[in-house]
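Source file: upload.cif. Holds: mmCIF, C-alpha atoms.
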data_protein
#
loop_
_atom_site.label_atom_id
_atom_site.label_comp_id
_atom_site.auth_asym_id
_atom_site.auth_seq_id
_atom_site.Cartn_x
_atom_site.Cartn_y
_atom_site.Cartn_z
CA MET A 1290 0.00 0.00 0.00
CA TYR A 1291 1.10 3.55 -0.75
CA HIS A 1292 0.63 6.57 1.52
CA CYS A 1293 -0.83 9.29 -0.70
CA TYR A 1294 -2.02 12.87 -0.69
CA LEU A 1295 -4.52 14.30 -3.18
CA THR A 1296 -4.61 18.08 -3.49
CA CYS A 1297 -7.90 19.80 -4.36
CA PRO A 1298 -9.44 23.29 -4.36
CA ARG A 1299 -9.93 24.65 -0.82
CA GLY A 1300 -13.41 23.91 0.46
CA LEU A 1301 -13.87 20.75 -1.61
CA GLU A 1302 -12.01 18.36 0.68
CA GLU A 1303 -15.16 16.50 1.75
CA ILE A 1304 -16.28 16.18 -1.87
CA ALA A 1305 -12.80 14.85 -2.74
CA GLN A 1306 -13.17 12.26 0.03
CA VAL A 1307 -16.46 10.98 -1.40
CA ASP A 1308 -15.02 11.23 -4.92
CA ILE A 1309 -12.20 8.72 -4.34
CA ALA A 1310 -13.75 6.60 -1.56
CA PRO A 1311 -14.11 3.51 -3.82
CA PHE A 1312 -10.36 3.50 -4.51
CA ALA A 1313 -8.82 4.45 -1.14
CA LYS A 1314 -8.59 3.45 2.53
CA PHE A 1315 -8.01 5.33 5.78
CA ILE A 1316 -8.95 8.72 4.28
CA GLU A 1317 -8.20 11.82 6.38
CA ILE A 1318 -9.21 15.35 5.43
CA THR A 1319 -6.66 18.17 5.67
CA LYS A 1320 -6.69 21.77 4.42
CA GLY A 1321 -6.43 21.72 0.66
CA GLY A 1322 -6.41 17.95 0.25
CA ILE A 1323 -6.86 14.46 1.66
CA GLN A 1324 -4.50 11.80 2.95
CA PHE A 1325 -5.17 8.11 2.35
CA GLN A 1326 -3.71 4.74 1.42
CA THR A 1327 -4.16 2.88 -1.86
CA ASP A 1328 -2.44 0.36 -4.13
CA GLN A 1329 -0.98 0.72 -7.63
CA ALA A 1330 -4.35 0.18 -9.29
CA GLY A 1331 -5.82 2.83 -6.96
CA ILE A 1332 -3.24 5.37 -8.10
CA TYR A 1333 -4.23 4.78 -11.72
CA LYS A 1334 -7.97 4.80 -10.94
CA ILE A 1335 -7.87 8.04 -8.93
CA ASN A 1336 -5.98 9.82 -11.70
CA ILE A 1337 -8.61 8.62 -14.18
CA HIS A 1338 -11.75 9.10 -12.07
CA SER A 1339 -11.16 11.99 -9.64
CA ARG A 1340 -13.30 15.00 -10.54
CA VAL A 1341 -12.08 17.48 -7.93
CA GLY A 1342 -8.50 16.29 -7.39
CA MET A 1343 -5.53 18.29 -8.72
CA HIS A 1344 -2.34 16.35 -8.00
CA LEU A 1345 -2.11 12.79 -6.67
CA LEU A 1346 1.11 12.58 -4.66
CA VAL A 1347 2.75 9.34 -3.45
CA GLU A 1348 4.87 9.66 -0.31
CA LEU A 1349 8.51 8.56 -0.56
CA LEU A 1350 9.99 9.68 2.77
CA SER A 1351 9.40 11.88 5.78
CA PHE A 1352 12.04 13.35 8.11
CA ASP A 1353 13.16 16.28 10.26
CA ALA A 1354 16.17 18.46 9.43
CA LYS A 1355 17.62 21.31 11.47
CA ASP A 1356 19.74 22.87 8.71
CA SER A 1357 20.63 22.58 5.01
CA ASP A 1358 23.43 20.07 5.61
CA GLU A 1359 21.10 17.69 7.41
CA LEU A 1360 18.52 18.21 4.68
CA TYR A 1361 21.11 17.25 2.06
CA ASN A 1362 22.09 14.10 3.95
CA GLN A 1363 18.50 12.97 4.58
CA ILE A 1364 17.66 13.33 0.89
CA TYR A 1365 20.95 11.73 -0.20
CA ASN A 1366 20.32 8.60 1.87
CA PHE A 1367 17.21 7.73 -0.14
CA SER A 1368 17.50 5.30 -3.09
CA TRP A 1369 16.91 7.86 -5.85
CA ASP A 1370 18.67 5.63 -8.37
CA GLU A 1371 15.66 3.29 -8.12
CA VAL A 1372 13.21 6.14 -8.81
CA ILE A 1373 14.91 8.24 -11.50
CA ASP A 1374 16.82 6.83 -14.47
CA PRO A 1375 19.87 8.90 -15.51
CA LYS A 1376 18.33 9.23 -18.97
CA GLN A 1377 15.21 10.85 -17.53
CA THR A 1378 14.55 14.46 -16.61
CA PHE A 1379 13.16 15.61 -13.29
CA ALA A 1380 12.02 18.69 -11.39
CA VAL A 1381 11.78 19.55 -7.70
CA LYS A 1382 8.88 21.64 -6.35
CA VAL A 1383 9.01 22.89 -2.75
CA ARG A 1384 5.93 24.16 -0.89
CA GLY A 1385 5.27 25.25 2.66
CA TYR A 1386 6.96 27.55 5.16
CA SER A 1387 9.92 27.35 7.55
CA ASP A 1388 11.91 29.95 9.46
CA GLU A 1389 15.09 27.92 8.98
CA PHE A 1390 14.44 27.08 5.32
CA ASN A 1391 13.01 30.44 4.28
CA ASN A 1392 14.88 30.66 0.96
CA ARG A 1393 12.79 28.37 -1.23
CA ASN A 1394 15.15 28.57 -4.22
CA TYR A 1395 18.15 27.55 -2.11
CA THR A 1396 16.20 24.71 -0.46
CA THR A 1397 15.09 23.46 -3.89
CA LEU A 1398 18.68 23.61 -5.18
CA LYS A 1399 19.99 21.71 -2.13
CA ILE A 1400 17.44 18.92 -2.65
CA LYS A 1401 18.12 18.76 -6.39
CA ASP A 1402 21.91 18.56 -5.84
CA SER A 1403 21.51 15.80 -3.29
CA ILE A 1404 19.35 13.71 -5.64
CA VAL A 1405 21.77 14.21 -8.54
CA ASP A 1406 24.80 13.34 -6.41
CA ARG A 1407 23.18 10.13 -5.17
CA ILE A 1408 22.27 8.97 -8.69
CA ARG A 1409 25.68 9.91 -10.09
CA LYS A 1410 27.42 7.85 -7.40
CA LYS A 1411 25.24 4.79 -8.06
CA LYS A 1412 24.92 5.02 -11.85
CA LEU A 1413 28.03 7.01 -12.85
CA SER A 1414 25.68 9.27 -14.78
CA ARG A 1415 23.12 11.90 -13.86
CA PRO A 1416 19.61 12.94 -14.94
CA SER A 1417 18.90 16.42 -16.27
CA ILE A 1418 16.61 19.11 -14.89
CA ASP A 1419 13.54 20.08 -16.92
CA LYS A 1420 11.20 22.59 -15.30
CA SER A 1421 8.69 22.71 -18.16
CA ASP A 1422 7.97 19.04 -18.95
CA PRO A 1423 9.91 16.68 -16.65
CA ASN A 1424 9.58 12.90 -16.69
CA ILE A 1425 9.63 12.76 -12.87
CA ILE A 1426 8.25 15.40 -10.51
CA ILE A 1427 9.39 15.51 -6.87
CA SER A 1428 7.06 17.49 -4.58
CA VAL A 1429 8.42 18.51 -1.19
CA PHE A 1430 6.29 19.92 1.63
CA VAL A 1431 8.11 21.69 4.45
CA SER A 1432 6.58 22.76 7.75
CA GLU A 1433 9.25 24.36 9.95
CA ASN A 1434 11.81 21.51 10.34
CA HIS A 1435 9.64 18.68 9.04
CA PHE A 1436 9.83 17.49 5.43
CA LYS A 1437 7.60 15.19 3.40
CA VAL A 1438 8.80 14.12 -0.03
CA TYR A 1439 6.38 12.87 -2.69
CA LEU A 1440 6.30 11.63 -6.26
CA ASP A 1441 3.68 13.47 -8.30
CA SER A 1442 1.78 10.74 -10.15
CA SER A 1443 -0.38 13.19 -12.12
CA GLY A 1444 2.11 15.60 -13.67
CA VAL A 1445 -0.03 18.29 -15.25
CA SER A 1446 -2.84 19.11 -12.83
CA LEU A 1447 -5.85 16.79 -13.14
CA HIS A 1448 -8.18 19.76 -13.65
CA LYS A 1449 -6.75 20.01 -17.16
CA ARG A 1450 -8.99 17.33 -18.64
CA GLY A 1451 -7.92 17.50 -22.27
CA TYR A 1452 -11.18 18.62 -23.89
CA ARG A 1453 -10.20 22.26 -24.32
CA ASN A 1454 -8.50 23.63 -27.43
CA LYS A 1455 -8.75 27.27 -26.43
CA ILE A 1456 -9.06 28.58 -22.88
CA HIS A 1457 -11.05 31.65 -21.90
CA LYS A 1458 -8.93 34.12 -19.92
CA ALA A 1459 -11.39 33.88 -17.01
CA ALA A 1460 -12.21 30.18 -17.38
CA LEU A 1461 -13.19 28.39 -14.19
CA ASN A 1462 -10.91 25.63 -12.89
CA GLU A 1463 -12.53 22.36 -14.03
CA ALA A 1464 -12.04 20.66 -10.66
CA LEU A 1465 -13.73 23.58 -8.92
CA ALA A 1466 -16.56 23.52 -11.48
CA ALA A 1467 -17.11 19.79 -10.92
CA GLY A 1468 -17.17 20.38 -7.17
CA ILE A 1469 -19.80 23.10 -7.54
CA VAL A 1470 -22.02 20.75 -9.54
CA MET A 1471 -21.57 17.99 -6.95
CA LEU A 1472 -22.35 20.39 -4.08
CA SER A 1473 -25.58 21.44 -5.84
CA ASN A 1474 -27.08 17.96 -5.32
CA TRP A 1475 -28.37 17.98 -8.90
CA ASN A 1476 -30.30 14.75 -9.44
CA LYS A 1477 -28.75 14.15 -12.92
CA SER A 1478 -32.17 13.81 -14.53
CA GLU A 1479 -33.82 17.25 -14.53
CA PRO A 1480 -32.62 19.91 -17.01
CA PHE A 1481 -29.44 21.72 -15.95
CA TYR A 1482 -29.07 25.45 -16.68
CA ASP A 1483 -26.06 27.78 -16.55
CA THR A 1484 -27.34 31.21 -17.61
CA MET A 1485 -23.89 32.85 -17.73
CA CYS A 1486 -21.82 29.88 -18.85
CA GLY A 1487 -18.72 31.60 -20.24
CA SER A 1488 -16.75 28.90 -22.05
CA GLY A 1489 -19.05 26.24 -20.61
CA THR A 1490 -16.96 24.69 -17.84
CA ILE A 1491 -19.75 24.08 -15.33
CA ALA A 1492 -22.14 22.72 -17.97
CA ILE A 1493 -19.46 20.43 -19.43
CA GLU A 1494 -18.50 19.07 -16.01
CA ALA A 1495 -22.20 18.47 -15.29
CA ALA A 1496 -22.37 16.43 -18.51
CA LEU A 1497 -19.33 14.35 -17.53
CA ILE A 1498 -20.97 13.61 -14.19
CA ALA A 1499 -24.41 12.86 -15.67
CA HIS A 1500 -23.07 10.41 -18.24
CA ASN A 1501 -20.50 8.83 -15.91
CA ILE A 1502 -17.56 9.92 -18.07
CA ALA A 1503 -14.31 9.67 -16.10
CA PRO A 1504 -12.52 13.02 -16.67
CA GLY A 1505 -9.07 11.44 -16.90
CA LEU A 1506 -10.08 9.41 -19.97
CA LEU A 1507 -9.59 12.52 -22.08
CA ARG A 1508 -5.95 12.99 -21.13
CA ASN A 1509 -3.09 11.44 -23.05
CA LYS A 1510 -0.40 11.60 -20.38
CA PHE A 1511 0.14 11.07 -16.65
CA SER A 1512 3.47 11.32 -14.85
CA PHE A 1513 3.20 7.77 -13.42
CA GLN A 1514 3.64 6.47 -16.98
CA ASN A 1515 7.31 7.46 -16.64
CA TRP A 1516 7.84 5.47 -13.44
CA SER A 1517 10.02 2.35 -13.42
CA ASP A 1518 7.16 0.18 -12.10
CA TYR A 1519 4.55 1.47 -14.57
CA ASP A 1520 2.18 -1.38 -15.48
CA VAL A 1521 0.80 -0.56 -18.92
CA LYS A 1522 -1.49 -3.63 -18.99
CA LEU A 1523 -3.07 -2.71 -15.67
CA PHE A 1524 -3.55 0.90 -16.74
CA ASN A 1525 -5.15 -0.09 -20.07
CA LYS A 1526 -7.47 -2.49 -18.25
CA ILE A 1527 -8.60 0.32 -15.93
CA LYS A 1528 -9.15 2.69 -18.86
CA ILE A 1529 -11.18 0.10 -20.80
CA LYS A 1530 -13.41 -0.51 -17.77
CA ALA A 1531 -13.94 3.24 -17.32
CA GLN A 1532 -14.89 3.56 -21.00
CA LYS A 1533 -17.40 0.71 -20.67
CA ASN A 1534 -18.98 2.44 -17.66
CA ILE A 1535 -19.90 5.52 -19.72
CA ASP A 1536 -23.68 5.78 -19.85
CA ILE A 1537 -24.89 8.35 -22.38
CA LYS A 1538 -28.45 9.38 -21.57
CA PRO A 1539 -29.91 11.46 -24.44
CA GLU A 1540 -32.90 12.46 -22.33
CA ILE A 1541 -30.70 14.57 -20.02
CA LYS A 1542 -30.58 18.16 -21.28
CA ILE A 1543 -27.87 20.58 -20.16
CA TYR A 1544 -28.08 24.22 -21.26
CA GLY A 1545 -25.44 26.94 -21.34
CA PHE A 1546 -26.20 30.56 -22.27
CA ASP A 1547 -23.82 33.48 -22.69
CA LEU A 1548 -23.98 36.93 -24.21
CA GLN A 1549 -20.60 36.60 -25.95
CA PHE A 1550 -20.59 34.50 -29.11
CA ALA A 1551 -16.83 33.80 -28.70
CA ASN A 1552 -17.58 32.06 -25.38
CA ILE A 1553 -20.31 29.94 -26.96
CA ALA A 1554 -17.96 28.97 -29.79
CA MET A 1555 -15.34 27.76 -27.28
CA ALA A 1556 -17.98 25.86 -25.31
CA PHE A 1557 -19.33 24.22 -28.44
CA TYR A 1558 -15.86 23.13 -29.57
CA SER A 1559 -15.20 21.48 -26.19
CA CYS A 1560 -18.63 19.85 -26.32
CA LYS A 1561 -17.93 18.48 -29.82
CA SER A 1562 -14.57 17.02 -28.77
CA LEU A 1563 -16.46 15.05 -26.10
CA GLY A 1564 -19.11 13.82 -28.53
CA LEU A 1565 -21.86 15.32 -26.38
CA GLU A 1566 -23.50 17.66 -28.89
CA LYS A 1567 -26.93 16.11 -28.27
CA SER A 1568 -26.75 16.43 -24.49
CA LEU A 1569 -25.13 19.87 -24.24
CA ILE A 1570 -27.01 22.81 -25.74
CA PHE A 1571 -25.16 26.13 -25.95
CA LYS A 1572 -26.78 29.35 -27.17
CA LYS A 1573 -25.83 33.01 -27.45
CA GLN A 1574 -28.48 34.52 -25.25
CA ASP A 1575 -28.92 37.29 -22.69
CA MET A 1576 -29.80 35.85 -19.29
CA LYS A 1577 -32.73 38.29 -19.07
#
Encoding of this model in structure tokens:
Amino acid sequence: MYHCYLTCPRGLEEIAQVDIAPFAKFIEITKGGIQFQTDQAGIYKINIHSRVGMHLLVELLSFDAKDSDELYNQIYNFSWDEVIDPKQTFAVKVRGYSDEFNNRNYTTLKIKDSIVDRIRKKKLSRPSIDKSDPNIIISVFVSENHFKVYLDSSGVSLHKRGYRNKIHKAALNEALAAGIVMLSNWNKSEPFYDTMCGSGTIAIEAALIAHNIAPGLLRNKFSFQNWSDYDVKLFNKIKIKAQKNIDIKPEIKIYGFDLQFANIAMAFYSCKSLGLEKSLIFKKQDMK
């Protein structure tokens, strides 16, 4: 079993708990996310099915460090050569606050150097840093002198579903939109209306929920696919099952109205990429 942490928009922690309950055990709510345990299949399933999750993180190690030298040594003692191949790229992201480790850039550099030195010693070669599109993402949370180090299994945030071609400058975060729909207690059978829909995020997320479309099915890449233990057969099996569980119900009508035609055009394009033209109805219309 893996100890995991799923980040989500603030205020949606309880929804996130319900969202992943079928795939996780020992769930605990924290601010901005939930802690839990799951297996390898659970990691794949949560990335595919979670509607309000953002990043699914898998814990690697936890420790205390009083200064940068101790931080370096604690990181160095971990078997990074079993996690990152020298031919891969990686990035380190540090979050949190500490009086001792108040220079985030220096702390990040210290962790990165320690990982590189460990791999170079074991493999006689080193991986490269790539901040834009790394193969492996290391997320580090610091709270005063306590550190938790995670592997980010998602990579790009899960709210980026993959159905958008263009993004409205004020577009709502998809995970937040899904959470709003779930909080509304919509019964998934009566007509659904968004009278100021913008680029259609809330209406589209309502459609994904109504037709049991797992949001992760639309993505073509997750970070866990770069891991050394990635099981492609297991992942494909999970995706196929999720696809079979889609239940398109033509009788459900979801409406989105907006005064700006450009917004409606973006909404319609996203709707078409999902194949939900008959269930999602977008119109240029004043809410009056």
Please expand the PyMOL selection byres ((chain A and resi 1463) around 12) into the concrete residues it hits in this file, giving the result as a ChimeraX atom specification.
/A:1297-1298,1339-1343,1446-1453,1456,1459-1462,1464-1470,1488-1495,1497,1504-1505
Can you write just those residues out, C-alpha atoms, as a PDB file, in the coordinates of the input?
ATOM      1  CA  CYS A1297      -7.900  19.800  -4.360  1.00  0.00           C
ATOM      2  CA  PRO A1298      -9.440  23.290  -4.360  1.00  0.00           C
ATOM      3  CA  SER A1339     -11.160  11.990  -9.640  1.00  0.00           C
ATOM      4  CA  ARG A1340     -13.300  15.000 -10.540  1.00  0.00           C
ATOM      5  CA  VAL A1341     -12.080  17.480  -7.930  1.00  0.00           C
ATOM      6  CA  GLY A1342      -8.500  16.290  -7.390  1.00  0.00           C
ATOM      7  CA  MET A1343      -5.530  18.290  -8.720  1.00  0.00           C
ATOM      8  CA  SER A1446      -2.840  19.110 -12.830  1.00  0.00           C
ATOM      9  CA  LEU A1447      -5.850  16.790 -13.140  1.00  0.00           C
ATOM     10  CA  HIS A1448      -8.180  19.760 -13.650  1.00  0.00           C
ATOM     11  CA  LYS A1449      -6.750  20.010 -17.160  1.00  0.00           C
ATOM     12  CA  ARG A1450      -8.990  17.330 -18.640  1.00  0.00           C
ATOM     13  CA  GLY A1451      -7.920  17.500 -22.270  1.00  0.00           C
ATOM     14  CA  TYR A1452     -11.180  18.620 -23.890  1.00  0.00           C
ATOM     15  CA  ARG A1453     -10.200  22.260 -24.320  1.00  0.00           C
ATOM     16  CA  ILE A1456      -9.060  28.580 -22.880  1.00  0.00           C
ATOM     17  CA  ALA A1459     -11.390  33.880 -17.010  1.00  0.00           C
ATOM     18  CA  ALA A1460     -12.210  30.180 -17.380  1.00  0.00           C
ATOM     19  CA  LEU A1461     -13.190  28.390 -14.190  1.00  0.00           C
ATOM     20  CA  ASN A1462     -10.910  25.630 -12.890  1.00  0.00           C
ATOM     21  CA  ALA A1464     -12.040  20.660 -10.660  1.00  0.00           C
ATOM     22  CA  LEU A1465     -13.730  23.580  -8.920  1.00  0.00           C
ATOM     23  CA  ALA A1466     -16.560  23.520 -11.480  1.00  0.00           C
ATOM     24  CA  ALA A1467     -17.110  19.790 -10.920  1.00  0.00           C
ATOM     25  CA  GLY A1468     -17.170  20.380  -7.170  1.00  0.00           C
ATOM     26  CA  ILE A1469     -19.800  23.100  -7.540  1.00  0.00           C
ATOM     27  CA  VAL A1470     -22.020  20.750  -9.540  1.00  0.00           C
ATOM     28  CA  SER A1488     -16.750  28.900 -22.050  1.00  0.00           C
ATOM     29  CA  GLY A1489     -19.050  26.240 -20.610  1.00  0.00           C
ATOM     30  CA  THR A1490     -16.960  24.690 -17.840  1.00  0.00           C
ATOM     31  CA  ILE A1491     -19.750  24.080 -15.330  1.00  0.00           C
ATOM     32  CA  ALA A1492     -22.140  22.720 -17.970  1.00  0.00           C
ATOM     33  CA  ILE A1493     -19.460  20.430 -19.430  1.00  0.00           C
ATOM     34  CA  GLU A1494     -18.500  19.070 -16.010  1.00  0.00           C
ATOM     35  CA  ALA A1495     -22.200  18.470 -15.290  1.00  0.00           C
ATOM     36  CA  LEU A1497     -19.330  14.350 -17.530  1.00  0.00           C
ATOM     37  CA  PRO A1504     -12.520  13.020 -16.670  1.00  0.00           C
ATOM     38  CA  GLY A1505      -9.070  11.440 -16.900  1.00  0.00           C
TER      39      GLY A1505
END
What is the distance between CA of Trp1369 (chain A) and CA of Asp1328 (chain A), in Å to one decimal?
20.8 Å
Assuming the chain letters and numbering stay as they are in my file, what does the PyMOL selection byres ((chain A and resi 1523-1525) around 12) actually select? List them as a PDB file with C-alpha atoms, in the frame of the given file.
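Output file part.pdb is given in full below:
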ATOM      1  CA  ASP A1328      -2.440   0.360  -4.130  1.00  0.00           C
ATOM      2  CA  GLN A1329      -0.980   0.720  -7.630  1.00  0.00           C
ATOM      3  CA  ALA A1330      -4.350   0.180  -9.290  1.00  0.00           C
ATOM      4  CA  GLY A1331      -5.820   2.830  -6.960  1.00  0.00           C
ATOM      5  CA  ILE A1332      -3.240   5.370  -8.100  1.00  0.00           C
ATOM      6  CA  TYR A1333      -4.230   4.780 -11.720  1.00  0.00           C
ATOM      7  CA  LYS A1334      -7.970   4.800 -10.940  1.00  0.00           C
ATOM      8  CA  ILE A1335      -7.870   8.040  -8.930  1.00  0.00           C
ATOM      9  CA  ASN A1336      -5.980   9.820 -11.700  1.00  0.00           C
ATOM     10  CA  ILE A1337      -8.610   8.620 -14.180  1.00  0.00           C
ATOM     11  CA  GLY A1505      -9.070  11.440 -16.900  1.00  0.00           C
ATOM     12  CA  LEU A1506     -10.080   9.410 -19.970  1.00  0.00           C
ATOM     13  CA  LYS A1510      -0.400  11.600 -20.380  1.00  0.00           C
ATOM     14  CA  PHE A1511       0.140  11.070 -16.650  1.00  0.00           C
ATOM     15  CA  PHE A1513       3.200   7.770 -13.420  1.00  0.00           C
ATOM     16  CA  GLN A1514       3.640   6.470 -16.980  1.00  0.00           C
ATOM     17  CA  ASP A1518       7.160   0.180 -12.100  1.00  0.00           C
ATOM     18  CA  TYR A1519       4.550   1.470 -14.570  1.00  0.00           C
ATOM     19  CA  ASP A1520       2.180  -1.380 -15.480  1.00  0.00           C
ATOM     20  CA  VAL A1521       0.800  -0.560 -18.920  1.00  0.00           C
ATOM     21  CA  LYS A1522      -1.490  -3.630 -18.990  1.00  0.00           C
ATOM     22  CA  LYS A1526      -7.470  -2.490 -18.250  1.00  0.00           C
ATOM     23  CA  ILE A1527      -8.600   0.320 -15.930  1.00  0.00           C
ATOM     24  CA  LYS A1528      -9.150   2.690 -18.860  1.00  0.00           C
ATOM     25  CA  ILE A1529     -11.180   0.100 -20.800  1.00  0.00           C
ATOM     26  CA  LYS A1530     -13.410  -0.510 -17.770  1.00  0.00           C
ATOM     27  CA  ALA A1531     -13.940   3.240 -17.320  1.00  0.00           C
ATOM     28  CA  GLN A1532     -14.890   3.560 -21.000  1.00  0.00           C
TER      29      GLN A1532
END
Quick one: which residues end up in the PyMOL selection byres ((chain A and resi 1384-1396) around 9) for this structure, as an MDAnalysis selection string?
chainID A and resid 1355:1357 1360 1382:1383 1397:1401 1428:1435
Given the point (-12.6, 21.7, 1.7) in the file's coordinates, find the residues that have an atom at most 8 Å from it, counting only C-alpha atoms, and give them as an MDAnalysis selection string.
chainID A and resid 1297:1304 1319:1322
May I have the residues within 9 Å of Lys1314 (chain A) as a list in words, using only C-alpha atoms and disregarding those fewer than 2 positions away in the same chain?
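Residues near the query, excluding close chain neighbours: Ala1310, Pro1311, Phe1312, Ile1316, Phe1325, Gln1326 and Thr1327 of chain A.
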Kindly save the residues from that selection, with C-alpha atoms included, as an mmCIF file, keeping the file's coordinate frame.
data_model
loop_
_atom_site.group_PDB
_atom_site.id
_atom_site.type_symbol
_atom_site.label_atom_id
_atom_site.label_comp_id
_atom_site.auth_asym_id
_atom_site.auth_seq_id
_atom_site.Cartn_x
_atom_site.Cartn_y
_atom_site.Cartn_z
ATOM 1 C CA ALA A 1310 -13.750 6.600 -1.560
ATOM 2 C CA PRO A 1311 -14.110 3.510 -3.820
ATOM 3 C CA PHE A 1312 -10.360 3.500 -4.510
ATOM 4 C CA ILE A 1316 -8.950 8.720 4.280
ATOM 5 C CA PHE A 1325 -5.170 8.110 2.350
ATOM 6 C CA GLN A 1326 -3.710 4.740 1.420
ATOM 7 C CA THR A 1327 -4.160 2.880 -1.860
#
